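Working notes, structure below.
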Amino acid sequence: MRKWEKLIRKVEPYVPGEQPKSENVVKLNTNENPYPPSPKVMECLKQIDQLRKYPDPAASELVRAIADYKGLKESQVFVGVGSDDVLAMAFMTFFNGEDPILFPDITYSFYDVWADLFRIPYERLALDEDFLIRKEDYRRPNGGIIFPNPNAPTGVAMALYDVEDILAHNQETIVIVDEAYVDFGGVTAQPLLDKYDNLLVVQTFSKSRSMAGMRIGYAMGSERLIRAINDVKYSFNSYTMNQPSILLGKASIEDEAYFQETRAKIMETREWFKKEMKDLGFSFPDSSANFIFARHESVPAREIFEAARKENVYVRYFPKARIDNYLRITIGTREEMQKLLDFLREYL
C-alpha cells in the first residue's frame with residue numbers, strides 16, 4: 001500500500017433511501033411530502049433572475065423570515081443546505097471534547113457517520129423495549145448530546161418535560177434536538193431556548209414544507225451558539241445556500257394557510273392508515289411523524305419489502321440489529337397508501 005492510500009480517511013458512509021428512476025412507482029421510502037410546495041413558492045420561482053450573481057452569504061432574507069415566524073432575533077437563527085448541513089456544522093462546532101457524545105442506538109443513522117468522519121468519540125445508548133429514550137441514561141459525563149424528536153426511524157415523540165430533564169442534567173455541554181418531523185405531531189423544544197443557552201433546535205423545510213429538493217435547514221439557539229456555528233460555516237464555505245433556496249424558503253414561510261392544510265392532510269391520512277394496518281396484523285409504535293415503523297405478526301419485513309419493490313411500491317427496510325423486522329413507511333397521499341394496502345392484502 002502506497003503512502004497516499006494509507007492517508008485516505010476511511011469511513012462507513014450513510015446510505016440514503018433508494019431513488020427509483022421510474023415515475024410509475026408508489027414511493028414511500030424517503031419521508032418526502034406527497035404534496036407540492038406552496039403556490040407562492042412556485043410563483044416566486046418564475047421571478048428569480050439573478051443567478052449570475054453570488055447569493056447573500058448570510059442568507060439574510062431567509063434568516064429574517066424564519067426569525068420573524070418563530071418570534072426570535074435574527075442572531076438566534078442559522079440556515080444551511082438542509083438540516084444535514086446544519087447538523088454537520090454543529091458537530092464540527094460543538095463536539096470537540098474528549099468525552100463521548102451521546103445519542104440513541106436506534107436513531108438517524110447519519111450521527112455515527114459524522115462522528116466517525118470528524119473523529120468524535122461517541123456512545124449509542126439503547127432505547128427501551130418500546131423504543132423510548134430513557135432520559136436517565138443521559139445523566140453521565142459526555143461531550144454533547146443529540147437526538148431527534150420525534151425519533152427516526154421509530155416516529156416516537158418525547159414529551160417536552162423529558163427533553164427538559166435531559167437539558168437540566170447536561171448544562172455543561174451542548175444538547176441538540178433534531179426536529180425534522182416535529183410539524184407532524186411533536187412538540188418543539190423552542191420554548192426552552194430562553195432557559196438553556198446550551199440548547200440548539202434544528203428544523204427543516206424538507207418534510208412539512210415539501211421542499212426536500214431545495215435543501216433548506218435551520219438551527220435556533222442562543223446568540224453565542226449561532227455566532228459560533230456561523231464562524232465555522234464562514235471558515236468552511238461562505239456561500240452555502242443558493243439564491244433560489246433563500247427566496248423560495250421565504251415564500252414558503254409566507255403561506256401559513258397552505259402549510260397548515262398539507263400537514264393536516266398528512267396527519268389525517270396517517271391516523272386512517274394506522275387503523276388499516278392494524279387490521280392487517282401489523283403493529284408499530286405510535287408515530288408523531290410522517291411515517292410509521294411497522295412489523296407484521298407473522299411475515300418477515302424483508303420479504304414484504306422485496307415483494308413490494310417488485311410491484312413498484314417502495315418502503316424502507318433497515319437490516320440492522322433490533323429493527324431488522326420493521327418497515328418504515330412514509331405517509332403519502334390517501335391514494336398512494338391505498339395502493340400499498342391493496343398490495344398488502346393480496347400478498348399477505
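Going by the C-alpha cells order, chains are called A, B, ..., each with residues numbered from 1, while ligands are numbered from 1 in the order shown.
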Non-local contacts of region 243-248 of chain A (10 Å; only C-alpha atoms; under 4 positions in same chain excluded) as a ChimeraX atom specification: /A:37-38,40-45,47-63,65,79-81,211,213-216,239,252-254
Who sits within 8 Å of Ile176 (chain A), only C-alpha atoms, same chain under 6 positions skipped, as a count of residues only: 7
Shortest interatomic distance to Thr269 (chain A) - which of A:Lys207, A:Arg334, A:Arg124, A:Arg64, counting only C-alpha atoms: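 For Thr269 (chain A), the nearest of the candidates is A:Arg334.
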One-decimal distance in Å that lies between CA of Asp128 (chain A) and CA of Val315 (chain A): 24.8 Å
Residue with smallest distance to Ala180 (chain A) - pool A:Ser208, A:Asn96, A:Ser22, A:Thr154, counting only C-alpha atoms: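 Among the listed residues, the smallest separation from Ala180 (chain A) belongs to A:Ser208.
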Computed interatomic separation between CA of Ile329 (chain A) and CA of Leu87 (chain A) (Å): 24.2 Å
Residue among A:Gly17, A:Thr93, A:Thr107, A:Asp85 lying closest to Asn230 (chain A), counting only C-alpha atoms: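 Once distances to Asn230 (chain A) are computed over only C-alpha atoms, the minimum belongs to A:Thr93.
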All helix (DSSP H, G or I) positions in region 118-207 of chain A, as an MDAnalysis selection string: chainID A and resid 135:138 160:168 182:184 190:194
Contacts of Asp286 (chain A) at 8 Å (only C-alpha atoms; same-chain gap of 3+ positions) as a list of chain:residue names: A:Gly155, A:Val156, A:Ile292
Keeping N, CA and C atoms for every residue in the selection just given, could you write it to a file as a short mmCIF file (atom, residue, chain, number, x, y, z; two decimals), in the first residue's frame?
data_model
loop_
_atom_site.label_atom_id
_atom_site.label_comp_id
_atom_site.auth_asym_id
_atom_site.auth_seq_id
_atom_site.Cartn_x
_atom_site.Cartn_y
_atom_site.Cartn_z
N GLY A 155 -40.49 7.14 14.87
CA GLY A 155 -41.62 8.07 14.89
C GLY A 155 -42.09 8.44 16.28
N VAL A 156 -41.43 7.91 17.30
CA VAL A 156 -41.86 8.15 18.69
C VAL A 156 -41.41 9.53 19.15
N ILE A 292 -44.74 5.61 9.60
CA ILE A 292 -44.90 4.66 10.71
C ILE A 292 -43.80 3.61 10.59
#
d(CA of Phe282 (chain A), CA of Arg295 (chain A)) in Å: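 Going from CA of Phe282 (chain A) over to CA of Arg295 (chain A) covers 5.4 Å.
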Neighbouring residues of Tyr196 (chain A) were defined as those with any atom within 9 Å, considering only C-alpha atoms; residues of the same chain fewer than 5 positions away were excluded. Please report them as a compact mmCIF listing (two decimals) with C-alpha atoms, in the first residue's frame.
# COMPACT_ATOMS: atom_id res chain seq x y z
CA LEU A 167 -31.14 19.59 29.35
CA ALA A 168 -31.33 20.20 33.08
CA GLN A 171 -25.90 22.23 31.21
CA GLY A 221 -30.25 28.77 19.63
CA SER A 222 -28.63 31.38 21.82
Strand (DSSP E or B) per DSSP on the backbone: members of region 103-297 of chain A, as number ranges by chain: A: 103-104, 122-125, 145-148, 175-178, 199-204, 217-221, 282-283, 291-296
Include C-alpha atoms and write out the residues we just selected as a PDB file, in the first residue's frame.
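Once everything was written out, this is part_1.pdb:
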ATOM      1  CA  PHE A 103     -27.237   9.554  21.059  1.00  0.00           C
ATOM      2  CA  PRO A 104     -29.732   6.659  20.856  1.00  0.00           C
ATOM      3  CA  TYR A 122     -19.469   8.636  20.793  1.00  0.00           C
ATOM      4  CA  GLU A 123     -21.720   6.190  22.635  1.00  0.00           C
ATOM      5  CA  ARG A 124     -25.056   4.842  21.435  1.00  0.00           C
ATOM      6  CA  LEU A 125     -27.495   4.456  24.321  1.00  0.00           C
ATOM      7  CA  ILE A 145     -25.927  15.079  23.215  1.00  0.00           C
ATOM      8  CA  ILE A 146     -28.046  14.784  20.081  1.00  0.00           C
ATOM      9  CA  PHE A 147     -31.380  13.061  19.470  1.00  0.00           C
ATOM     10  CA  PRO A 148     -34.322  13.506  17.119  1.00  0.00           C
ATOM     11  CA  VAL A 175     -27.666  19.467  23.562  1.00  0.00           C
ATOM     12  CA  ILE A 176     -29.039  19.308  20.003  1.00  0.00           C
ATOM     13  CA  VAL A 177     -32.694  18.415  19.432  1.00  0.00           C
ATOM     14  CA  ASP A 178     -33.216  17.377  15.814  1.00  0.00           C
ATOM     15  CA  LEU A 199     -29.671  24.162  23.501  1.00  0.00           C
ATOM     16  CA  LEU A 200     -29.698  24.002  19.700  1.00  0.00           C
ATOM     17  CA  VAL A 201     -33.004  23.175  17.963  1.00  0.00           C
ATOM     18  CA  VAL A 202     -32.736  22.071  14.312  1.00  0.00           C
ATOM     19  CA  GLN A 203     -35.627  22.016  11.834  1.00  0.00           C
ATOM     20  CA  THR A 204     -36.044  21.605   8.083  1.00  0.00           C
ATOM     21  CA  GLY A 217     -32.468  23.573   7.093  1.00  0.00           C
ATOM     22  CA  TYR A 218     -32.010  25.854  10.063  1.00  0.00           C
ATOM     23  CA  ALA A 219     -30.981  25.947  13.697  1.00  0.00           C
ATOM     24  CA  MET A 220     -32.314  28.043  16.555  1.00  0.00           C
ATOM     25  CA  GLY A 221     -30.254  28.766  19.632  1.00  0.00           C
ATOM     26  CA  PHE A 282     -49.242  -5.008  11.767  1.00  0.00           C
ATOM     27  CA  SER A 283     -48.039  -3.389  14.988  1.00  0.00           C
ATOM     28  CA  PHE A 291     -44.215   7.753   8.652  1.00  0.00           C
ATOM     29  CA  ILE A 292     -44.895   4.660  10.707  1.00  0.00           C
ATOM     30  CA  PHE A 293     -42.449   1.959  11.780  1.00  0.00           C
ATOM     31  CA  ALA A 294     -44.297  -1.320  11.377  1.00  0.00           C
ATOM     32  CA  ARG A 295     -43.806  -5.058  11.761  1.00  0.00           C
ATOM     33  CA  HIS A 296     -46.184  -7.874  10.817  1.00  0.00           C
TER      34      HIS A 296
END
Name the residues in contact with Gly143 (chain A) at a cut-off of 6 Å, using only C-alpha atoms, excluding same-chain residues fewer than 2 positions from it; report them as a PDB file with C-alpha atoms, in the first residue's frame.
ATOM      1  CA  GLY A  97     -14.170  17.310  23.724  1.00  0.00           C
ATOM      2  CA  ASP A  99     -15.736  12.694  26.417  1.00  0.00           C
ATOM      3  CA  PRO A 100     -18.040  10.842  24.025  1.00  0.00           C
ATOM      4  CA  ILE A 101     -21.139  12.443  22.610  1.00  0.00           C
TER       5      ILE A 101
END
Surrounding residues of Ala115 (chain A) excluding itself and chain neighbours under 5 positions, 9 Å, only C-alpha atoms, as a PyMOL selection string: chain A and resi 91+95+101+110+120-122
Can I get the selection written as a compact mmCIF listing (two decimals), in the first residue's frame, with N, CA and C atoms?
# COMPACT_ATOMS: atom_id res chain seq x y z
N PHE A 91 -21.87 19.56 14.54
CA PHE A 91 -20.90 18.56 15.02
C PHE A 91 -19.50 19.15 15.03
N PHE A 95 -18.83 19.67 19.12
CA PHE A 95 -18.44 18.37 19.67
C PHE A 95 -16.94 18.17 19.50
N ILE A 101 -19.79 11.91 22.75
CA ILE A 101 -21.14 12.44 22.61
C ILE A 101 -22.11 11.27 22.73
N PHE A 110 -27.12 9.03 10.32
CA PHE A 110 -26.03 9.93 9.94
C PHE A 110 -25.19 10.35 11.15
N ILE A 120 -14.95 12.12 16.32
CA ILE A 120 -15.58 12.47 17.59
C ILE A 120 -15.93 11.18 18.32
N PRO A 121 -15.48 10.98 19.54
CA PRO A 121 -15.88 9.78 20.28
C PRO A 121 -17.39 9.81 20.58
N TYR A 122 -18.02 8.65 20.56
CA TYR A 122 -19.47 8.64 20.79
C TYR A 122 -19.90 7.33 21.44
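Omitting Pro300 (chain A) and its sequence neighbours fewer than 5 positions away, and counting only C-alpha atoms, the residues within 10 Å are Arg295, Phe305, Asp324, Asn325, Tyr326 and Leu327 of chain A.
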Within 12 Å of region 25-31 of chain A, which residues of region 222-291 of chain A come that close, and what is the closest atom pair and distance in Å for each? Count only C-alpha atoms and give it as JSON lines.
{"residue": "A:Ile266", "atom": "CA", "partner": "A:Asn31", "partner_atom": "CA", "distance": 11.3}
{"residue": "A:Ala289", "atom": "CA", "partner": "A:Asn31", "partner_atom": "CA", "distance": 9.2}
{"residue": "A:Asn290", "atom": "CA", "partner": "A:Asn31", "partner_atom": "CA", "distance": 6.6}
{"residue": "A:Phe291", "atom": "CA", "partner": "A:Asn31", "partner_atom": "CA", "distance": 6.7}
